[in-house]
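Reproduced below: model31.cif, with mmCIF, C-alpha atoms.
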data_final
#
loop_
_atom_site.group_PDB
_atom_site.id
_atom_site.type_symbol
_atom_site.label_atom_id
_atom_site.label_comp_id
_atom_site.auth_asym_id
_atom_site.auth_seq_id
_atom_site.Cartn_x
_atom_site.Cartn_y
_atom_site.Cartn_z
ATOM 1 C CA MET B 11 -325.444 224.583 -42.126
ATOM 2 C CA ASN B 12 -325.500 225.247 -45.815
ATOM 3 C CA ALA B 13 -324.530 222.719 -48.427
ATOM 4 C CA TYR B 14 -321.283 224.539 -49.220
ATOM 5 C CA SER B 15 -320.119 224.389 -45.585
ATOM 6 C CA LEU B 16 -321.012 220.699 -45.366
ATOM 7 C CA VAL B 17 -319.058 219.883 -48.502
ATOM 8 C CA SER B 18 -316.090 221.831 -47.179
ATOM 9 C CA ARG B 19 -316.098 219.895 -43.929
ATOM 10 C CA ILE B 20 -316.400 216.606 -45.785
ATOM 11 C CA GLU B 21 -313.515 217.606 -48.070
ATOM 12 C CA LEU B 22 -311.441 218.548 -45.022
ATOM 13 C CA LYS B 23 -312.087 215.191 -43.401
ATOM 14 C CA ILE B 24 -311.266 213.423 -46.650
ATOM 15 C CA ASN B 25 -307.998 215.353 -46.927
ATOM 16 C CA LYS B 26 -307.125 214.498 -43.317
ATOM 17 C CA MET B 27 -307.861 210.847 -44.037
ATOM 18 C CA LYS B 28 -305.697 211.051 -47.141
ATOM 19 C CA ASN B 29 -302.863 212.563 -45.136
ATOM 20 C CA VAL B 30 -303.154 209.847 -42.488
ATOM 21 C CA LEU B 31 -303.298 207.211 -45.208
ATOM 22 C CA ASP B 32 -300.317 208.752 -47.023
ATOM 23 C CA GLN B 33 -298.327 208.840 -43.778
ATOM 24 C CA SER B 34 -299.259 205.216 -43.118
ATOM 25 C CA ARG B 35 -298.275 204.271 -46.643
ATOM 26 C CA ASN B 36 -294.987 206.155 -46.314
ATOM 27 C CA LYS B 37 -294.251 204.405 -43.025
ATOM 28 C CA THR B 38 -295.108 201.039 -44.572
ATOM 29 C CA LYS B 39 -293.064 201.899 -47.652
ATOM 30 C CA ASN B 40 -290.124 202.930 -45.491
ATOM 31 C CA LYS B 41 -290.411 199.745 -43.461
ATOM 32 C CA ILE B 42 -290.413 197.694 -46.660
ATOM 33 C CA LEU B 43 -287.432 199.621 -48.033
ATOM 34 C CA ASN B 44 -285.560 199.165 -44.748
ATOM 35 C CA LEU B 45 -286.347 195.446 -44.748
ATOM 36 C CA LEU B 46 -285.185 195.148 -48.356
ATOM 37 C CA LEU B 47 -282.015 197.044 -47.539
ATOM 38 C CA LEU B 48 -281.380 194.821 -44.518
ATOM 39 C CA LEU B 49 -282.060 191.707 -46.597
ATOM 40 C CA THR B 50 -279.674 192.899 -49.323
ATOM 41 C CA ILE B 51 -276.919 193.593 -46.805
ATOM 42 C CA THR B 52 -277.526 190.205 -45.141
ATOM 43 C CA LEU B 53 -277.350 188.411 -48.477
ATOM 44 C CA GLN B 54 -274.175 190.248 -49.434
ATOM 45 C CA ILE B 55 -272.566 189.359 -46.122
ATOM 46 C CA SER B 56 -273.741 185.745 -46.449
ATOM 47 C CA PHE B 57 -272.348 185.579 -49.990
ATOM 48 C CA VAL B 58 -268.977 186.957 -48.929
ATOM 49 C CA PHE B 59 -268.654 184.627 -45.954
ATOM 50 C CA GLY B 60 -270.184 181.766 -47.947
ATOM 51 C CA GLN B 61 -267.671 182.307 -50.756
ATOM 52 C CA ASP B 62 -264.853 182.458 -48.231
ATOM 53 C CA ASP B 63 -266.025 179.154 -46.741
ATOM 54 C CA LYS B 64 -266.250 177.616 -50.217
ATOM 55 C CA ASP B 65 -262.790 178.872 -51.165
ATOM 56 C CA THR B 66 -261.377 177.401 -47.942
ATOM 57 C CA GLU B 67 -263.024 174.055 -48.659
ATOM 58 C CA ILE B 68 -261.695 174.024 -52.227
ATOM 59 C CA ARG B 69 -258.189 175.010 -51.134
ATOM 60 C CA ASN B 70 -258.150 172.257 -48.489
ATOM 61 C CA ILE B 71 -259.169 169.626 -51.051
ATOM 62 C CA LEU B 72 -256.626 170.836 -53.616
ATOM 63 C CA ASP B 73 -253.900 170.921 -50.962
ATOM 64 C CA ARG B 74 -254.630 167.287 -50.057
ATOM 65 C CA PHE B 75 -254.167 166.262 -53.688
ATOM 66 C CA GLY B 76 -251.069 168.448 -54.008
ATOM 67 C CA GLN B 77 -249.429 167.091 -50.865
ATOM 68 C CA ASP B 78 -250.001 163.537 -52.061
ATOM 69 C CA TYR B 79 -248.687 164.242 -55.567
ATOM 70 C CA GLN B 80 -245.471 165.694 -54.103
ATOM 71 C CA ASN B 81 -244.535 162.126 -53.110
ATOM 72 C CA ASP B 82 -245.784 160.414 -56.265
ATOM 73 C CA LEU B 83 -243.123 158.249 -57.903
ATOM 74 C CA MET B 84 -244.386 159.361 -61.336
ATOM 75 C CA PHE B 85 -243.888 163.060 -60.528
ATOM 76 C CA LYS B 86 -240.847 163.699 -62.734
ATOM 77 C CA THR B 87 -241.536 166.924 -64.649
ATOM 78 C CA ASN B 88 -242.683 170.424 -63.715
ATOM 79 C CA GLN B 89 -246.284 171.196 -64.602
ATOM 80 C CA SER B 90 -248.395 174.344 -64.596
ATOM 81 C CA PHE B 91 -252.141 173.812 -64.937
ATOM 82 C CA GLY B 92 -255.489 175.372 -64.155
ATOM 83 C CA ILE B 93 -258.586 174.073 -62.379
ATOM 84 C CA GLU B 94 -261.830 175.908 -63.093
ATOM 85 C CA ILE B 95 -264.261 175.094 -60.273
ATOM 86 C CA ASP B 96 -267.795 176.459 -60.648
ATOM 87 C CA LYS B 97 -266.507 179.112 -63.092
ATOM 88 C CA ILE B 98 -263.702 180.244 -60.752
ATOM 89 C CA MET B 99 -260.121 179.519 -61.877
ATOM 90 C CA TRP B 100 -257.346 178.198 -59.656
ATOM 91 C CA HIS B 101 -253.702 177.918 -60.681
ATOM 92 C CA GLY B 102 -251.677 174.846 -59.773
ATOM 93 C CA ILE B 103 -247.872 174.707 -59.985
ATOM 94 C CA ALA B 104 -246.062 171.383 -59.556
ATOM 95 C CA GLU B 105 -242.276 171.719 -59.212
ATOM 96 C CA VAL B 106 -239.952 168.715 -59.090
ATOM 97 C CA GLY B 107 -237.461 168.811 -56.237
ATOM 98 C CA ASN B 108 -233.717 168.156 -56.206
ATOM 99 C CA ASN B 109 -231.062 167.223 -53.662
ATOM 100 C CA ASN B 110 -231.508 170.540 -51.862
ATOM 101 C CA ASN B 111 -235.254 171.117 -52.147
ATOM 102 C CA PRO B 112 -238.251 168.768 -51.947
ATOM 103 C CA SER B 113 -240.914 168.602 -54.641
ATOM 104 C CA ILE B 114 -243.764 170.998 -54.051
ATOM 105 C CA VAL B 115 -247.264 171.618 -55.405
ATOM 106 C CA THR B 116 -248.927 174.957 -54.691
ATOM 107 C CA PHE B 117 -252.282 176.532 -55.549
ATOM 108 C CA LYS B 118 -253.552 180.058 -55.755
ATOM 109 C CA LYS B 119 -256.805 181.564 -56.907
ATOM 110 C CA GLY B 120 -256.614 183.084 -60.375
ATOM 111 C CA ASN B 121 -255.571 182.255 -63.916
ATOM 112 C CA PRO B 122 -252.272 180.543 -64.758
ATOM 113 C CA ILE B 123 -249.607 183.063 -65.720
ATOM 114 C CA GLU B 124 -248.727 181.287 -68.962
ATOM 115 C CA PRO B 125 -251.240 179.585 -71.316
ATOM 116 C CA THR B 126 -251.667 175.910 -70.385
ATOM 117 C CA PHE B 127 -254.371 173.273 -70.041
ATOM 118 C CA TYR B 128 -256.977 173.367 -67.319
ATOM 119 C CA TYR B 129 -259.649 171.166 -65.783
ATOM 120 C CA VAL B 130 -263.301 172.215 -65.771
ATOM 121 C CA THR B 131 -265.321 170.842 -62.890
ATOM 122 C CA ASN B 132 -267.503 171.730 -59.903
ATOM 123 C CA LEU B 133 -267.334 171.420 -56.129
ATOM 124 C CA ARG B 134 -269.597 168.357 -56.090
ATOM 125 C CA THR B 135 -267.273 166.426 -58.406
ATOM 126 C CA LEU B 136 -264.240 167.694 -56.495
ATOM 127 C CA LYS B 137 -265.711 166.225 -53.303
ATOM 128 C CA LEU B 138 -266.365 162.872 -55.009
ATOM 129 C CA LEU B 139 -262.747 162.759 -56.171
ATOM 130 C CA ASP B 140 -261.554 163.719 -52.700
ATOM 131 C CA GLU B 141 -263.677 160.999 -51.070
ATOM 132 C CA GLY B 142 -262.512 158.337 -53.547
ATOM 133 C CA LYS B 143 -266.040 157.792 -54.870
ATOM 134 C CA MET B 144 -265.017 158.587 -58.453
ATOM 135 C CA ASN B 145 -261.690 158.488 -60.237
ATOM 136 C CA ALA B 146 -260.647 161.394 -62.430
ATOM 137 C CA LEU B 147 -260.355 159.530 -65.716
ATOM 138 C CA THR B 148 -263.855 158.124 -65.287
ATOM 139 C CA ALA B 149 -265.118 161.625 -64.456
ATOM 140 C CA GLY B 150 -263.679 162.773 -67.777
ATOM 141 C CA VAL B 151 -264.891 159.927 -69.986
ATOM 142 C CA LYS B 152 -266.870 160.850 -73.103
ATOM 143 C CA ALA B 153 -268.229 158.955 -76.073
ATOM 144 C CA PHE B 154 -267.979 162.081 -78.236
ATOM 145 C CA SER B 155 -266.271 165.442 -77.757
ATOM 146 C CA THR B 156 -269.626 167.230 -77.451
ATOM 147 C CA ASP B 157 -270.710 165.080 -74.487
ATOM 148 C CA TYR B 158 -270.746 166.447 -70.950
ATOM 149 C CA ALA B 159 -268.119 165.266 -68.468
ATOM 150 C CA PRO B 160 -267.978 166.317 -64.788
ATOM 151 C CA LEU B 161 -264.194 166.690 -65.115
ATOM 152 C CA ASP B 162 -263.308 168.024 -68.533
ATOM 153 C CA ILE B 163 -259.978 169.240 -69.942
ATOM 154 C CA GLU B 164 -259.686 172.469 -71.928
ATOM 155 C CA VAL B 165 -256.735 174.508 -73.180
ATOM 156 C CA MET B 166 -256.176 178.228 -72.765
ATOM 157 C CA GLU B 167 -255.943 180.527 -75.755
ATOM 158 C CA GLY B 168 -252.332 180.719 -76.874
ATOM 159 C CA PHE B 169 -251.398 177.266 -75.566
ATOM 160 C CA SER B 170 -249.567 175.109 -78.118
ATOM 161 C CA PRO B 171 -249.821 171.447 -77.099
ATOM 162 C CA SER B 172 -247.061 169.024 -78.060
ATOM 163 C CA GLU B 173 -247.697 165.943 -80.184
ATOM 164 C CA ASP B 174 -247.898 163.733 -77.095
ATOM 165 C CA PHE B 175 -250.001 166.216 -75.110
ATOM 166 C CA VAL B 176 -253.002 163.876 -74.792
ATOM 167 C CA SER B 177 -251.011 160.998 -73.305
ATOM 168 C CA VAL B 178 -249.061 163.372 -71.035
ATOM 169 C CA ALA B 179 -252.230 165.104 -69.815
ATOM 170 C CA LEU B 180 -254.071 161.828 -69.189
ATOM 171 C CA SER B 181 -251.115 160.333 -67.326
ATOM 172 C CA PHE B 182 -250.816 163.487 -65.210
ATOM 173 C CA THR B 183 -254.569 163.404 -64.593
ATOM 174 C CA PHE B 184 -254.384 159.862 -63.247
ATOM 175 C CA HIS B 185 -251.425 160.430 -60.951
ATOM 176 C CA PHE B 186 -252.405 163.882 -59.677
ATOM 177 C CA TRP B 187 -256.007 162.978 -58.859
ATOM 178 C CA THR B 188 -255.281 159.470 -57.503
ATOM 179 C CA ARG B 189 -253.921 159.478 -53.980
ATOM 180 C CA GLY B 190 -251.860 156.948 -52.069
ATOM 181 C CA ILE B 191 -249.215 154.320 -52.685
ATOM 182 C CA PRO B 192 -250.245 152.109 -54.347
ATOM 183 C CA GLU B 193 -252.658 154.203 -56.390
ATOM 184 C CA ILE B 194 -255.861 152.177 -56.144
ATOM 185 C CA ILE B 195 -258.827 152.448 -58.510
ATOM 186 C CA PRO B 196 -261.999 150.766 -57.222
ATOM 187 C CA ILE B 197 -264.026 148.918 -59.850
ATOM 188 C CA GLY B 198 -267.668 147.914 -59.958
ATOM 189 C CA GLN B 199 -271.016 149.128 -61.201
ATOM 190 C CA HIS B 200 -271.214 151.991 -58.674
ATOM 191 C CA PHE B 201 -267.968 153.532 -59.911
ATOM 192 C CA THR B 202 -269.016 153.742 -63.569
ATOM 193 C CA ARG B 203 -270.530 156.369 -65.841
ATOM 194 C CA GLY B 204 -272.661 155.826 -68.925
ATOM 195 C CA THR B 205 -270.696 155.978 -72.174
ATOM 196 C CA HIS B 206 -270.937 154.356 -75.623
ATOM 197 C CA GLY B 207 -274.166 152.652 -74.520
ATOM 198 C CA ALA B 208 -272.573 150.850 -71.561
ATOM 199 C CA GLN B 209 -271.411 151.610 -68.026
ATOM 200 C CA ALA B 210 -267.664 152.107 -67.770
ATOM 201 C CA SER B 211 -264.865 153.324 -65.559
ATOM 202 C CA ILE B 212 -261.392 154.133 -66.842
ATOM 203 C CA LEU B 213 -258.492 152.375 -65.150
ATOM 204 C CA TYR B 214 -255.402 153.872 -66.810
ATOM 205 C CA TYR B 215 -254.381 155.740 -69.947
ATOM 206 C CA ASP B 216 -250.859 156.243 -71.229
ATOM 207 C CA LYS B 217 -249.204 156.405 -74.606
ATOM 208 C CA GLY B 218 -250.067 153.189 -76.451
ATOM 209 C CA ILE B 219 -252.327 151.751 -73.756
ATOM 210 C CA ARG B 220 -255.856 152.367 -72.511
ATOM 211 C CA SER B 221 -257.665 150.234 -69.979
ATOM 212 C CA GLY B 222 -261.114 150.233 -68.444
ATOM 213 C CA TYR B 223 -263.823 148.299 -66.670
ATOM 214 C CA GLY B 224 -267.204 147.768 -68.314
ATOM 215 C CA TYR B 225 -270.625 146.810 -67.005
ATOM 216 C CA LEU B 226 -273.582 145.881 -69.205
ATOM 217 C CA HIS B 227 -277.061 145.746 -67.735
ATOM 218 C CA PRO B 228 -279.453 143.280 -69.383
ATOM 219 C CA GLY B 229 -280.607 144.927 -72.599
ATOM 220 C CA GLN B 230 -277.674 147.341 -72.933
ATOM 221 C CA HIS B 231 -275.942 147.655 -76.292
ATOM 222 C CA ALA B 232 -272.391 149.032 -76.364
ATOM 223 C CA ASN B 233 -271.196 150.791 -79.536
ATOM 224 C CA GLU B 234 -274.642 150.870 -81.087
ATOM 225 C CA HIS B 235 -273.774 154.251 -82.626
ATOM 226 C CA PRO B 236 -272.015 153.681 -85.990
ATOM 227 C CA LYS B 237 -269.242 156.163 -85.142
ATOM 228 C CA SER B 238 -268.295 154.112 -82.062
ATOM 229 C CA ARG B 239 -267.839 150.750 -83.720
ATOM 230 C CA SER B 240 -264.185 150.709 -84.771
ATOM 231 C CA ASN B 241 -260.768 151.907 -83.626
ATOM 232 C CA PRO B 242 -257.438 152.334 -85.449
ATOM 233 C CA PHE B 243 -255.756 150.182 -82.759
ATOM 234 C CA SER B 244 -256.212 146.713 -81.298
ATOM 235 C CA SER B 245 -258.487 145.823 -78.388
ATOM 236 C CA MET B 246 -258.924 142.901 -76.031
ATOM 237 C CA ILE B 247 -262.082 142.277 -74.008
ATOM 238 C CA ILE B 248 -261.799 140.010 -70.970
ATOM 239 C CA LEU B 249 -265.246 138.856 -69.847
ATOM 240 C CA ILE B 250 -265.228 138.278 -66.088
ATOM 241 C CA LYS B 251 -268.955 137.848 -65.408
ATOM 242 C CA GLY B 252 -272.056 136.955 -67.419
ATOM 243 C CA SER B 253 -272.393 136.460 -71.149
ATOM 244 C CA VAL B 254 -272.521 138.814 -74.126
ATOM 245 C CA ILE B 255 -273.085 138.781 -77.844
ATOM 246 C CA ALA B 256 -270.068 140.245 -79.630
ATOM 247 C CA LYS B 257 -271.093 141.483 -83.074
ATOM 248 C CA LEU B 258 -267.782 141.548 -84.969
ATOM 249 C CA ASN B 259 -267.894 142.851 -88.545
ATOM 250 C CA GLY B 260 -271.643 142.205 -88.409
ATOM 251 C CA ILE B 261 -271.400 138.564 -87.255
ATOM 252 C CA ASP B 262 -272.740 137.525 -83.835
ATOM 253 C CA HIS B 263 -270.568 135.535 -81.436
ATOM 254 C CA LYS B 264 -271.686 134.434 -77.967
ATOM 255 C CA ILE B 265 -268.917 134.968 -75.409
ATOM 256 C CA GLU B 266 -269.164 133.619 -71.867
ATOM 257 C CA SER B 267 -267.319 134.658 -68.699
ATOM 258 C CA GLY B 268 -263.814 133.295 -68.296
ATOM 259 C CA ASN B 269 -262.921 134.115 -71.882
ATOM 260 C CA ALA B 270 -261.143 136.959 -73.629
ATOM 261 C CA PHE B 271 -261.409 137.923 -77.283
ATOM 262 C CA PHE B 272 -259.204 140.028 -79.548
ATOM 263 C CA ILE B 273 -260.474 142.805 -81.827
ATOM 264 C CA PRO B 274 -258.057 143.843 -84.617
ATOM 265 C CA PRO B 275 -257.723 147.470 -85.742
ATOM 266 C CA GLU B 276 -260.663 148.749 -87.843
ATOM 267 C CA MET B 277 -262.870 145.715 -87.076
ATOM 268 C CA THR B 278 -266.380 146.895 -86.239
ATOM 269 C CA HIS B 279 -267.510 145.667 -82.847
ATOM 270 C CA GLU B 280 -270.690 145.949 -80.820
ATOM 271 C CA ILE B 281 -271.254 144.273 -77.476
ATOM 272 C CA LEU B 282 -274.824 143.356 -76.517
ATOM 273 C CA ASN B 283 -276.310 141.815 -73.412
ATOM 274 C CA PRO B 284 -279.645 140.180 -74.333
ATOM 275 C CA PHE B 285 -279.460 137.916 -71.281
ATOM 276 C CA ASP B 286 -281.047 138.152 -67.829
ATOM 277 C CA GLU B 287 -277.809 138.689 -65.895
ATOM 278 C CA PRO B 288 -275.460 141.683 -66.028
ATOM 279 C CA ALA B 289 -272.097 141.281 -67.705
ATOM 280 C CA GLU B 290 -268.745 142.654 -66.532
ATOM 281 C CA PHE B 291 -265.512 142.915 -68.479
ATOM 282 C CA ILE B 292 -262.052 144.451 -68.599
ATOM 283 C CA LEU B 293 -261.216 146.409 -71.760
ATOM 284 C CA LEU B 294 -257.655 146.803 -73.028
ATOM 285 C CA MET B 295 -256.788 148.993 -76.021
ATOM 286 C CA PHE B 296 -253.228 149.107 -77.234
ATOM 287 C CA GLY B 297 -250.890 149.774 -80.117
ATOM 288 C CA GLU B 298 -250.190 152.749 -82.353
ATOM 289 C CA GLY B 299 -252.724 155.493 -81.757
ATOM 290 C CA ALA B 300 -254.114 154.107 -78.490
#
If you took the structure in this file and wrote it as structure tokens, what would it be?
Amino acid sequence: MNAYSLVSRIELKINKMKNVLDQSRNKTKNKILNLLLLLTITLQISFVFGQDDKDTEIRNILDRFGQDYQNDLMFKTNQSFGIEIDKIMWHGIAEVGNNNNPSIVTFKKGNPIEPTFYYVTNLRTLKLLDEGKMNALTAGVKAFSTDYAPLDIEVMEGFSPSEDFVSVALSFTFHFWTRGIPEIIPIGQHFTRGTHGAQASILYYDKGIRSGYGYLHPGQHANEHPKSRSNPFSSMIILIKGSVIAKLNGIDHKIESGNAFFIPPEMTHEILNPFDEPAEFILLMFGEGA
């Protein structure tokens, strides 16, 4: 056998091996492509059914709140509003009944027809509200407008709020998201959120009145930030447990449980707990601008 013939046979074998290898690679490639295609289809199906399940869960929660609000004694005016849940908008319509028709609250997926206000939240927060583990006003509490809140309120482009929009929206927020008669708000450390350097939960807001529950761990300092230290309305702090140092216009005053103290408009006030025990208090804010 000459060298040329040997090389030819070797080249032939190499080409056959290449063909076998190419076929194997093509089969493997096709298998991978088929698996990827199957995975994509499976994920798409899972997403569709998963989204349907999520939508059903959301609708059921919203319907529970709506059915309760239909019987709320404070439900006296029609209200259109939005609820954006995990970036998906729902439209709520609350219509006051009359002698012939009962009050009704309905929901549908999509944007409100007319510009209005809307809540921004997520399914986790919605579940906490539904289970009574958080009240809506506490979920929306902020020290400053740039802070995050698990239940925020925004307005749609083109919406023109009235002068009393804030008090109306906060009152509606309380009554819509608080179920039962009487409407009960649990208080205690576990129902608070951090704000203004303390732990707090909001009890009720309406025009001229704000109320909340506060909890100070040892070492906490409420209103340490200069922009938090004064209000244009009066306040009353009712200390129900522990002791605090109330720094009023820069002067320290020790306040013990069983006492309440008044804070006039524009008086700077900081509340500190340098003691070993936590402190609990009720906060009332009232008057023009509250």
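The residues returned by the PyMOL selection byres ((chain B and resi 226) around 7) on the shown structure are Ala208, Gln209, Gly224, Tyr225, His227, Pro228, Gln230, Asn283, Pro288, Ala289 and Glu290 of chain B.
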Point-to-point distance from CA of Leu138 (chain B) to CA of Glu287 (chain B), Å rounded to tenths: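 Separation between CA of Leu138 (chain B) and CA of Glu287 (chain B): 28.9 Å.
For the pair CA of Ala232 (chain B) and CA of Tyr214 (chain B), the interatomic distance is 20.1 Å.
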How many Å lie between CA of Pro125 (chain B) and CA of Leu72 (chain B), rounded to one decimal? 20.5 Å
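Residues selected in this file by the PyMOL selection byres ((chain B and resi 137) around 12) comprise Lys64, Glu67, Ile68, Arg69, Asn70, Ile71, Leu72, Arg74, Phe75, Ile95, Thr131, Asn132, Leu133, Arg134, Thr135, Leu136, Leu138, Leu139, Asp140, Glu141, Gly142, Lys143, Met144, Asn145, Ala146, Pro160, Leu161 and Trp187 of chain B.
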Kindly resolve the PyMOL selection byres ((chain B and resi 266) around 9) on the present coordinates and return the residues as an NGL selection string. :B and (249-255 or 264-265 or 267-270)
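The nearest approach to Asp78 (chain B) among the residues B:Val165, B:Leu47, B:Ile98, B:Ile191, with all atoms listed in the file taken into account, belongs to B:Ile191.
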